[in-house]
$ cat coords36.tsv   # TSV, C-alpha atoms
chain	number	residue	atom	x	y	z
A	1	MET	CA	111.49	130.75	94.80
A	2	ILE	CA	112.19	130.13	98.48
A	3	ALA	CA	109.51	127.43	98.62
A	4	ARG	CA	110.96	125.72	95.54
A	5	ALA	CA	114.47	125.86	97.00
A	6	GLU	CA	113.24	124.33	100.26
A	7	ALA	CA	111.41	121.59	98.38
A	8	ALA	CA	114.51	120.84	96.32
A	9	LEU	CA	116.65	120.71	99.47
A	10	LEU	CA	114.14	118.40	101.13
A	11	ALA	CA	114.08	116.11	98.10
A	12	ALA	CA	117.88	116.04	97.95
A	13	SER	CA	118.10	115.26	101.67
A	14	LEU	CA	115.56	112.46	101.32
A	15	PHE	CA	117.48	111.00	98.37
A	16	VAL	CA	120.78	111.08	100.26
A	17	GLY	CA	119.12	109.51	103.29
A	18	LEU	CA	117.72	106.66	101.20
A	19	VAL	CA	121.10	106.07	99.59
A	20	LEU	CA	122.77	105.90	103.00
A	21	CYS	CA	120.11	103.45	104.21
A	22	GLU	CA	120.64	101.32	101.09
A	23	VAL	CA	124.36	101.22	101.81
A	24	ALA	CA	123.76	100.40	105.48
A	25	VAL	CA	121.47	97.40	104.91
A	26	ARG	CA	123.75	96.05	102.18
A	27	LEU	CA	126.77	96.27	104.45
A	28	PHE	CA	124.84	94.67	107.31
A	29	ASP	CA	123.71	91.68	105.22
A	30	GLY	CA	126.92	91.36	103.24
A	31	VAL	CA	125.42	92.39	99.90
A	32	PRO	CA	127.88	93.90	97.35
A	33	LEU	CA	127.52	97.68	97.27
A	34	ARG	CA	127.92	97.90	93.50
A	35	SER	CA	125.47	95.12	92.67
A	36	ALA	CA	122.71	96.36	90.36
A	37	GLN	CA	120.91	93.00	90.08
A	38	ASN	CA	117.21	92.75	90.68
A	39	PHE	CA	117.21	90.99	94.05
A	40	ALA	CA	113.57	90.02	93.64
A	41	ARG	CA	114.54	87.95	90.59
A	42	HIS	CA	117.12	85.75	92.28
A	43	ALA	CA	116.00	85.17	95.86
A	44	PRO	CA	113.20	82.68	96.66
A	45	SER	CA	110.16	84.64	97.73
A	46	PHE	CA	107.41	84.03	100.26
A	47	LEU	CA	110.17	83.73	102.86
A	48	GLU	CA	110.45	85.77	106.01
A	49	PHE	CA	114.24	85.60	105.81
A	50	GLU	CA	114.73	86.36	102.12
A	51	ALA	CA	118.28	87.69	102.36
A	52	ASN	CA	119.35	84.51	104.15
A	53	ALA	CA	117.76	81.99	101.78
A	54	GLU	CA	119.26	79.89	99.02
A	55	PHE	CA	117.96	77.54	96.36
A	56	ASP	CA	117.62	73.85	97.19
A	57	ALA	CA	116.79	71.33	94.46
A	58	VAL	CA	114.84	69.08	96.84
A	59	VAL	CA	112.75	71.45	98.98
A	60	GLY	CA	112.90	74.58	96.79
A	61	TRP	CA	114.74	76.82	99.22
A	62	ARG	CA	116.36	76.72	102.63
A	63	GLN	CA	118.12	79.07	105.01
A	64	LYS	CA	121.82	79.62	104.46
A	65	ALA	CA	124.13	77.95	106.96
A	66	PHE	CA	126.27	79.84	109.45
A	67	ARG	CA	124.62	83.25	109.09
A	68	SER	CA	124.46	85.83	111.87
A	69	ASN	CA	122.66	89.15	111.50
A	70	ALA	CA	119.74	91.05	112.99
A	71	VAL	CA	117.17	88.80	111.30
A	72	LEU	CA	118.34	85.36	112.36
A	73	VAL	CA	121.30	83.24	113.39
A	74	THR	CA	121.80	79.90	111.65
A	75	GLY	CA	124.27	77.09	112.06
A	76	GLU	CA	124.82	73.76	110.37
A	77	LEU	CA	122.30	72.91	107.61
A	78	GLY	CA	120.82	76.42	107.87
A	79	VAL	CA	119.10	75.51	111.14
A	80	ARG	CA	118.13	78.50	113.26
A	81	MET	CA	119.93	78.65	116.57
A	82	ASN	CA	118.14	78.91	119.92
A	83	SER	CA	120.40	81.80	120.94
A	84	ARG	CA	122.69	84.31	119.26
A	85	GLU	CA	125.56	81.85	119.63
A	86	ILE	CA	126.24	79.45	116.78
A	87	ARG	CA	126.68	75.97	118.24
A	88	PRO	CA	127.03	72.46	116.79
A	89	LEU	CA	123.67	70.76	116.32
A	90	PRO	CA	122.96	68.21	119.06
A	91	ARG	CA	122.21	64.66	118.02
A	92	THR	CA	119.34	62.65	119.58
A	93	ALA	CA	117.57	65.92	120.38
A	94	ILE	CA	113.95	66.85	119.69
A	95	LEU	CA	113.68	68.03	116.07
A	96	ALA	CA	111.00	70.54	115.07
A	97	VAL	CA	110.24	71.15	111.39
A	98	GLY	CA	107.73	73.61	109.97
A	99	ASP	CA	107.42	77.01	108.34
A	100	SER	CA	108.17	80.54	109.57
A	101	PHE	CA	105.96	80.04	112.65
A	102	THR	CA	108.39	77.29	113.69
A	103	ALA	CA	111.49	79.12	112.50
A	104	GLY	CA	110.27	82.10	114.52
A	105	SER	CA	109.86	85.03	112.15
A	106	GLU	CA	109.52	88.41	113.91
A	107	VAL	CA	110.99	87.16	117.20
A	108	ALA	CA	114.50	86.63	118.54
A	109	GLU	CA	116.21	83.25	118.61
A	110	HIS	CA	115.41	82.53	122.27
A	111	GLU	CA	111.74	83.49	121.75
A	112	THR	CA	110.87	80.83	119.15
A	113	TYR	CA	108.75	77.94	120.33
A	114	PRO	CA	111.53	75.35	119.77
A	115	ALA	CA	113.90	77.43	121.93
A	116	GLN	CA	111.29	77.86	124.67
A	117	LEU	CA	110.41	74.16	124.48
A	118	GLU	CA	114.08	73.39	125.10
A	119	GLY	CA	113.95	75.48	128.28
A	120	LEU	CA	110.70	73.95	129.50
A	121	LEU	CA	111.81	70.34	129.02
A	122	GLY	CA	115.49	70.75	129.80
A	123	ARG	CA	116.20	68.79	126.63
A	124	PRO	CA	117.92	70.04	123.46
A	125	VAL	CA	115.58	71.04	120.65
A	126	VAL	CA	116.69	71.67	117.05
A	127	ASN	CA	114.72	74.33	115.14
A	128	GLY	CA	114.33	73.00	111.60
A	129	GLY	CA	111.67	75.51	110.54
A	130	VAL	CA	112.05	77.28	107.17
A	131	GLY	CA	109.98	80.30	106.16
A	132	GLY	CA	107.37	79.70	103.47
A	133	PHE	CA	107.37	75.90	103.66
A	134	GLY	CA	104.25	73.93	102.92
A	135	THR	CA	103.47	70.55	104.45
A	136	ASP	CA	105.13	68.81	101.51
A	137	GLN	CA	108.40	70.71	101.94
A	138	MET	CA	108.63	70.30	105.71
A	139	ILE	CA	108.16	66.54	105.41
A	140	LEU	CA	110.86	66.37	102.73
A	141	TRP	CA	113.07	68.47	105.00
A	142	ALA	CA	112.44	66.01	107.85
A	143	TYR	CA	113.59	63.19	105.56
A	144	ARG	CA	116.81	65.15	105.07
A	145	LEU	CA	117.46	66.04	108.71
A	146	VAL	CA	116.41	62.90	110.58
A	147	PRO	CA	119.18	60.58	109.28
A	148	ILE	CA	121.75	63.26	110.10
A	149	LEU	CA	120.53	64.28	113.56
A	150	ASN	CA	118.96	61.00	114.74
A	151	PRO	CA	116.36	62.85	116.86
A	152	SER	CA	114.51	61.34	119.81
A	153	LEU	CA	111.23	63.01	118.78
A	154	LEU	CA	110.04	64.69	115.56
A	155	VAL	CA	107.66	67.64	115.94
A	156	VAL	CA	105.94	68.77	112.74
A	157	GLY	CA	104.55	72.28	113.23
A	158	VAL	CA	101.78	72.79	110.65
A	159	LEU	CA	100.35	76.28	110.23
A	160	ASP	CA	96.79	76.08	108.88
A	161	ASP	CA	97.93	77.75	105.63
A	162	ASP	CA	100.78	75.26	105.12
A	163	ILE	CA	98.27	72.74	103.78
A	164	ASN	CA	97.16	75.25	101.14
A	165	ARG	CA	100.82	75.73	100.14
A	166	ALA	CA	101.02	72.03	99.29
A	167	GLY	CA	98.61	72.90	96.48
A	168	TYR	CA	101.12	75.12	94.66
A	169	LYS	CA	104.03	74.38	92.34
A	170	VAL	CA	105.14	78.04	92.34
A	171	LEU	CA	104.75	79.92	95.59
A	172	GLY	CA	105.58	83.59	95.86
A	173	GLY	CA	107.51	83.29	92.61
A	174	ALA	CA	109.70	80.43	93.82
A	175	ARG	CA	109.32	76.93	92.39
A	176	LYS	CA	108.74	74.14	94.88
A	177	PRO	CA	108.19	70.39	94.98
A	178	TRP	CA	104.62	69.16	94.90
A	179	PHE	CA	102.82	65.83	95.16
A	180	SER	CA	99.71	64.26	93.72
A	181	VAL	CA	97.93	61.00	94.45
A	182	SER	CA	96.96	58.66	91.61
A	183	ASP	CA	95.49	55.19	92.11
A	184	GLY	CA	96.52	55.36	95.75
A	185	LYS	CA	100.15	56.13	94.89
A	186	LEU	CA	102.02	59.29	95.84
A	187	ILE	CA	103.68	60.97	92.83
A	188	HIS	CA	106.55	63.42	93.36
A	189	HIS	CA	106.63	66.36	90.91
A	190	ASN	CA	109.34	69.00	90.40
A	191	ASP	CA	111.92	66.44	91.44
A	192	PRO	CA	114.41	68.04	91.30
A	193	VAL	CA	113.02	71.55	91.66
A	194	PRO	CA	113.97	73.69	88.64
A	195	PRO	CA	116.57	76.30	89.57
A	196	PRO	CA	115.46	79.95	89.85
A	197	THR	CA	117.78	80.99	87.02
A	198	GLN	CA	115.41	79.48	84.48
A	199	ALA	CA	113.12	81.91	82.69
A	200	THR	CA	109.70	82.46	84.21
A	201	ASP	CA	106.68	84.52	83.22
A	202	ARG	CA	106.79	86.28	86.59
A	203	GLU	CA	108.78	89.43	86.01
A	204	PRO	CA	109.97	91.14	89.20
A	205	HIS	CA	109.19	94.78	89.93
A	206	TRP	CA	111.86	97.36	89.06
A	207	LEU	CA	112.03	98.27	92.78
A	208	GLY	CA	113.71	94.90	93.28
A	209	HIS	CA	116.96	96.58	92.23
A	210	SER	CA	116.90	98.30	95.61
A	211	TYR	CA	117.94	95.93	98.34
A	212	LEU	CA	116.56	98.45	100.84
A	213	ALA	CA	113.10	98.33	99.24
A	214	LEU	CA	112.96	94.53	99.32
A	215	TRP	CA	114.43	94.44	102.84
A	216	THR	CA	111.84	96.92	104.14
A	217	ALA	CA	108.87	95.27	102.44
A	218	SER	CA	109.96	91.88	103.79
A	219	ARG	CA	109.97	93.16	107.38
A	220	PHE	CA	106.33	94.14	106.99
A	221	GLY	CA	105.44	90.83	105.37
A	222	ARG	CA	104.72	92.49	102.02
A	223	ALA	CA	107.62	91.37	99.85
A	224	ASP	CA	104.99	90.42	97.29
A	225	LEU	CA	104.56	94.12	96.46
A	226	ILE	CA	108.07	94.14	95.01
A	227	ARG	CA	108.63	90.54	94.06
A	228	PHE	CA	106.40	90.24	91.03
A	229	ARG	CA	104.15	92.52	88.99
A	230	THR	CA	102.10	89.57	87.77
A	231	SER	CA	100.70	86.54	89.59
A	232	GLN	CA	103.36	85.11	91.89
A	233	ASN	CA	101.69	81.74	92.49
A	234	ALA	CA	100.89	78.77	90.26
A	235	LEU	CA	98.53	76.03	91.38
A	236	ALA	CA	99.60	72.40	91.25
A	237	GLU	CA	97.35	69.75	89.74
A	238	ASN	CA	96.56	68.09	93.04
A	239	GLU	CA	94.33	68.11	96.10
A	240	PRO	CA	96.36	69.51	99.04
A	241	VAL	CA	94.70	67.49	101.81
A	242	ALA	CA	95.06	64.21	99.92
A	243	ALA	CA	98.68	64.97	99.11
A	244	THR	CA	99.45	65.96	102.69
A	245	CYS	CA	97.74	62.88	104.13
A	246	ALA	CA	99.63	60.57	101.77
A	247	MET	CA	102.91	62.22	102.73
A	248	LEU	CA	102.09	61.87	106.43
A	249	ALA	CA	101.47	58.16	105.89
A	250	GLY	CA	104.91	57.92	104.31
A	251	LEU	CA	106.41	59.89	107.18
A	252	LYS	CA	104.82	57.52	109.69
A	253	ASP	CA	106.44	54.52	107.98
A	254	PHE	CA	109.77	56.36	107.71
A	255	ALA	CA	109.68	57.18	111.44
A	256	ALA	CA	108.53	53.69	112.46
A	257	GLN	CA	111.58	52.17	110.79
A	258	ARG	CA	113.72	54.35	113.07
A	259	ASN	CA	111.57	53.93	116.18
A	260	LEU	CA	111.07	57.71	116.06
A	261	PRO	CA	107.97	59.19	117.72
A	262	VAL	CA	106.18	61.89	115.69
A	263	LEU	CA	103.97	64.69	116.99
A	264	ILE	CA	101.90	66.75	114.54
A	265	VAL	CA	101.14	70.21	115.95
A	266	MET	CA	98.40	72.23	114.21
A	267	ILE	CA	98.99	75.98	114.56
A	268	TYR	CA	96.71	78.86	113.50
A	269	GLY	CA	97.17	82.45	112.42
A	270	GLY	CA	95.50	85.17	114.45
A	271	LEU	CA	91.88	86.20	113.85
A	272	ASP	CA	89.67	88.45	115.99
A	273	ARG	CA	86.60	86.30	115.37
A	274	ILE	CA	88.22	83.06	116.55
A	275	ALA	CA	85.97	82.71	119.61
A	276	THR	CA	82.81	82.63	117.48
A	277	LEU	CA	84.02	80.51	114.57
A	278	ASP	CA	83.19	76.90	113.81
A	279	GLN	CA	86.56	75.23	113.25
A	280	GLY	CA	85.05	72.53	111.04
A	281	LYS	CA	83.67	75.15	108.65
A	282	VAL	CA	86.45	77.74	108.52
A	283	HIS	CA	89.38	75.30	108.68
A	284	VAL	CA	88.18	72.43	106.52
A	285	ARG	CA	91.65	71.47	105.31
A	286	PRO	CA	93.35	71.52	108.73
A	287	VAL	CA	90.51	69.45	110.20
A	288	GLY	CA	90.84	67.01	107.30
A	289	VAL	CA	94.57	66.62	107.91
A	290	ILE	CA	94.01	66.20	111.66
A	291	GLN	CA	91.49	63.44	110.96
A	292	CYS	CA	93.68	61.54	108.51
A	293	ALA	CA	96.79	61.89	110.71
A	294	THR	CA	94.87	60.55	113.70
A	295	ALA	CA	93.40	57.72	111.62
A	296	ILE	CA	96.84	56.44	110.60
A	297	GLY	CA	98.03	56.49	114.20
A	298	LEU	CA	100.04	59.71	114.37
A	299	ASP	CA	99.87	61.72	117.58
A	300	VAL	CA	98.23	65.10	116.91
A	301	LEU	CA	98.20	68.23	119.07
A	302	ASP	CA	95.55	70.68	117.85
A	303	THR	CA	96.07	74.13	119.39
A	304	TRP	CA	92.65	75.46	118.31
A	305	ASP	CA	90.88	74.93	121.64
A	306	ALA	CA	93.70	76.60	123.57
A	307	MET	CA	93.53	79.63	121.27
A	308	VAL	CA	89.75	79.90	121.57
A	309	ALA	CA	89.96	79.56	125.36
A	310	THR	CA	92.49	82.39	125.50
A	311	ALA	CA	90.30	84.65	123.35
A	312	LEU	CA	87.21	83.94	125.47
A	313	ARG	CA	89.10	84.64	128.67
A	314	ASP	CA	90.90	87.81	127.54
A	315	MET	CA	90.83	89.07	123.95
A	316	ALA	CA	93.74	91.43	124.60
A	317	ALA	CA	95.82	88.48	125.80
A	318	TYR	CA	94.89	86.56	122.65
A	319	ARG	CA	95.94	89.44	120.40
A	320	ALA	CA	99.23	89.61	122.32
A	321	LEU	CA	100.01	86.06	121.15
A	322	TYR	CA	100.81	87.55	117.73
A	323	VAL	CA	103.03	90.34	116.45
A	324	PRO	CA	100.66	93.20	115.46
A	325	HIS	CA	100.84	95.09	112.16
A	326	GLY	CA	98.12	97.64	112.70
A	327	ASN	CA	94.90	95.64	112.54
A	328	ILE	CA	96.66	92.69	110.91
A	329	TYR	CA	98.05	89.71	112.83
A	330	GLY	CA	101.65	88.79	112.11
A	331	HIS	CA	103.63	85.79	113.27
A	332	MET	CA	103.46	84.57	116.83
A	333	SER	CA	105.05	86.76	119.45
A	334	ALA	CA	107.28	85.48	122.23
A	335	ALA	CA	104.11	84.99	124.30
A	336	GLY	CA	102.40	83.04	121.52
A	337	ASN	CA	105.43	80.84	121.05
A	338	ARG	CA	105.48	80.30	124.80
A	339	LEU	CA	101.93	78.97	124.67
A	340	ILE	CA	102.78	76.61	121.81
A	341	ALA	CA	105.89	75.42	123.66
A	342	GLU	CA	103.88	74.81	126.85
A	343	LEU	CA	101.25	72.79	124.97
A	344	ILE	CA	103.94	70.64	123.35
A	345	ALA	CA	105.81	70.23	126.65
A	346	ASP	CA	102.63	69.06	128.39
A	347	ARG	CA	102.04	66.49	125.65
A	348	VAL	CA	105.64	65.27	125.75
A	349	ARG	CA	105.53	64.86	129.54
A	350	ALA	CA	102.20	63.03	129.36
A	351	GLN	CA	103.40	60.65	126.68
A	352	THR	CA	106.63	59.99	128.54
A	353	ILE	CA	104.65	59.07	131.64
A	354	ASP	CA	102.43	56.78	129.56
A	355	GLN	CA	105.59	55.26	128.06
A	356	ASN	CA	104.19	55.63	124.56
A	357	TRP	CA	107.31	57.51	123.50

$ encode --input "coords36.tsv" --output "structure tokens"
Amino acid sequence: MIARAEAALLAASLFVGLVLCEVAVRLFDGVPLRSAQNFARHAPSFLEFEANAEFDAVVGWRQKAFRSNAVLVTGELGVRMNSREIRPLPRTAILAVGDSFTAGSEVAEHETYPAQLEGLLGRPVVNGGVGGFGTDQMILWAYRLVPILNPSLLVVGVLDDDINRAGYKVLGGARKPWFSVSDGKLIHHNDPVPPPTQATDREPHWLGHSYLALWTASRFGRADLIRFRTSQNALAENEPVAATCAMLAGLKDFAAQRNLPVLIVMIYGGLDRIATLDQGKVHVRPVGVIQCATAIGLDVLDTWDAMVATALRDMAAYRALYVPHGNIYGHMSAAGNRLIAELIADRVRAQTIDQNW
């Protein structure tokens, strides 16, 4: 009887603790306490900042503007700030677009590579990264931001997996734009992107009713465990490299009309075997995009060699470039973002000296 009473007390205490945690995270993120909605049904998934995202008919989703919490601080247009202070976006600055590696998931505002690049160059840098973006979405986002901000340089931070994401029309349960190439012409699909309120065959898990459950899973990069019980992705009818290359050609023309220099930065997720891998075999799509971008005259910074050199010199230092999750590599750490920022800064300084930019 005593053992059963202790077990019941423990279970009751655990339940109360979970309820209090649910209340705490809802209050912190401004979520209504009485809301019983399934949060996994309404928020775009595959994002690192799910609670701060909103639907966008052009790019699929974007970060909410003027948000400030423990996860991120955003200002105008949902752009992540380079510090905890919300400031007006500078015009004629360097603009960086990309996915969560650019936005800076798992690090503080001042630790992202755009923020550190700003410090290295002594020039303002706008962080236009959005979690979960593919190459198609980040280019569309650049089309949106460039006329508003009139940047002096456009940096496109492409994670190796972002090219794969261009091959999906539903990613992590969220619909997105996608492109195909037919007879040499780029065709825009899901334009506009269907809103998330439309019925889908991807039913969210019942745990999605708990904001705490979704919040916790998201912090460990496993929101997919709660988002959808069935497949959360749907392939597009396209070839991702061809679509990305065609979009880059369009971006080059778009930038040339504005006399805007463009730098494509290829970024890679962490992998213990990096020092022994053949890039051309394990990263066929990134290499293909690098080749086509270079062929059309875009400036490309491939970070692969710098990553391999770091691993060969000191494997512990290489691992420290990423946020660890046990034996799994997460996003880039402050140190990893510092390396990316230094590589970009070196290229910017070199091009400025050569007067190509």

$ atom_distance --input "coords36.tsv" --atom1 "atom CA of Val265 of chain A" --atom2 "atom CA of Val323 of chain A"
20.2 Å

$ residues_around --input "coords36.tsv" --residues "Pro32 of chain A" --least-positions-apart "6" --cutoff "12 Å" --atoms "all atoms listed in the file" --output "MDAnalysis selection string"
chainID A and resid 22:26 39 210:211

$ closest_atom_pairs --input "coords36.tsv" --of "segment 330-351 of chain A" --to "segment 294-312 of chain A" --cutoff "12 Å" --atoms "all atoms listed in the file" --output "Markdown table"
| residue | atom | partner | partner_atom | distance |
| --- | --- | --- | --- | --- |
| A:Met332 | CA | A:Met307 | CA | 11.9 |
| A:Ala335 | CA | A:Thr310 | CA | 12.0 |
| A:Gly336 | CA | A:Met307 | CA | 9.5 |
| A:Asn337 | CA | A:Thr303 | CA | 11.6 |
| A:Leu339 | CA | A:Ala306 | CA | 8.6 |
| A:Ile340 | CA | A:Thr303 | CA | 7.6 |
| A:Ala341 | CA | A:Thr303 | CA | 10.8 |
| A:Glu342 | CA | A:Thr303 | CA | 10.8 |
| A:Leu343 | CA | A:Thr303 | CA | 7.7 |
| A:Ile344 | CA | A:Leu301 | CA | 7.6 |
| A:Ala345 | CA | A:Leu301 | CA | 10.9 |
| A:Asp346 | CA | A:Leu301 | CA | 10.4 |
| A:Arg347 | CA | A:Leu301 | CA | 7.8 |
| A:Val348 | CA | A:Leu301 | CA | 10.4 |
| A:Gln351 | CA | A:Asp299 | CA | 9.8 |

$ closest_residue --input "coords36.tsv" --among "A:Met81, A:Leu251, A:Val59, A:Leu33" --to "Phe133 of chain A" --atoms "all atoms listed in the file"
A:Val59

$ closest_residue --input "coords36.tsv" --among "A:Pro192, A:Gly167, A:Gly250, A:Gly280" --to "Leu235 of chain A" --atoms "all atoms listed in the file"
A:Gly167

$ residues_near_point --input "coords36.tsv" --point "(119.3, 77.8, 110.5)" --cutoff "9 Å" --atoms "all atoms listed in the file" --output "PDB file with C-alpha atoms, keeping the file's coordinate frame"
ATOM      1  CA  ARG A  62     116.360  76.720 102.630  1.00  0.00           C
ATOM      2  CA  GLN A  63     118.120  79.070 105.010  1.00  0.00           C
ATOM      3  CA  LYS A  64     121.820  79.620 104.460  1.00  0.00           C
ATOM      4  CA  ALA A  65     124.130  77.950 106.960  1.00  0.00           C
ATOM      5  CA  PHE A  66     126.270  79.840 109.450  1.00  0.00           C
ATOM      6  CA  ARG A  67     124.620  83.250 109.090  1.00  0.00           C
ATOM      7  CA  LEU A  72     118.340  85.360 112.360  1.00  0.00           C
ATOM      8  CA  VAL A  73     121.300  83.240 113.390  1.00  0.00           C
ATOM      9  CA  THR A  74     121.800  79.900 111.650  1.00  0.00           C
ATOM     10  CA  GLY A  75     124.270  77.090 112.060  1.00  0.00           C
ATOM     11  CA  GLU A  76     124.820  73.760 110.370  1.00  0.00           C
ATOM     12  CA  LEU A  77     122.300  72.910 107.610  1.00  0.00           C
ATOM     13  CA  GLY A  78     120.820  76.420 107.870  1.00  0.00           C
ATOM     14  CA  VAL A  79     119.100  75.510 111.140  1.00  0.00           C
ATOM     15  CA  ARG A  80     118.130  78.500 113.260  1.00  0.00           C
ATOM     16  CA  MET A  81     119.930  78.650 116.570  1.00  0.00           C
ATOM     17  CA  ALA A 103     111.490  79.120 112.500  1.00  0.00           C
ATOM     18  CA  ASN A 127     114.720  74.330 115.140  1.00  0.00           C
ATOM     19  CA  GLY A 128     114.330  73.000 111.600  1.00  0.00           C
ATOM     20  CA  GLY A 129     111.670  75.510 110.540  1.00  0.00           C
ATOM     21  CA  VAL A 130     112.050  77.280 107.170  1.00  0.00           C
TER      22      VAL A 130
END

$ atom_distance --input "coords36.tsv" --atom1 "atom CA of Leu120 of chain A" --atom2 "atom CA of Asp162 of chain A"
26.4 Å

$ axis_aligned_box --input "coords36.tsv" --around "segment 250-265 of chain A" --padding-each-side "4 Å" --output "AutoDock Vina command-line options"
--center_x 107.4 --center_y 61.2 --center_z 111.0 --size_x 20.6 --size_y 26.0 --size_z 21.4

$ atom_distance --input "coords36.tsv" --atom1 "atom CA of Leu277 of chain A" --atom2 "atom CA of Gln291 of chain A"
19.0 Å

$ residues_around --input "coords36.tsv" --residues "Ala234 of chain A" --least-positions-apart "6" --cutoff "12 Å" --atoms "all atoms listed in the file" --output "PyMOL selection string"
chain A and resi 165-176+178+200-202

$ residues_near_point --input "coords36.tsv" --point "(100.3, 91.8, 112.4)" --cutoff "10 Å" --atoms "all atoms listed in the file" --output "MDAnalysis selection string"
chainID A and resid 106 220:221 269:270 319 322:333

$ closest_residue --input "coords36.tsv" --among "A:Thr102, A:Thr244, A:Ser68, A:Asn238" --to "Gln137 of chain A" --atoms "only C-alpha atoms"
A:Thr244

$ residues_around --input "coords36.tsv" --residues "Arg285 of chain A" --least-positions-apart "2" --cutoff "10 Å" --atoms "only C-alpha atoms" --output "VMD selection string"
chain A and resid 160 to 164 240 to 242 244 280 to 283 287 to 291
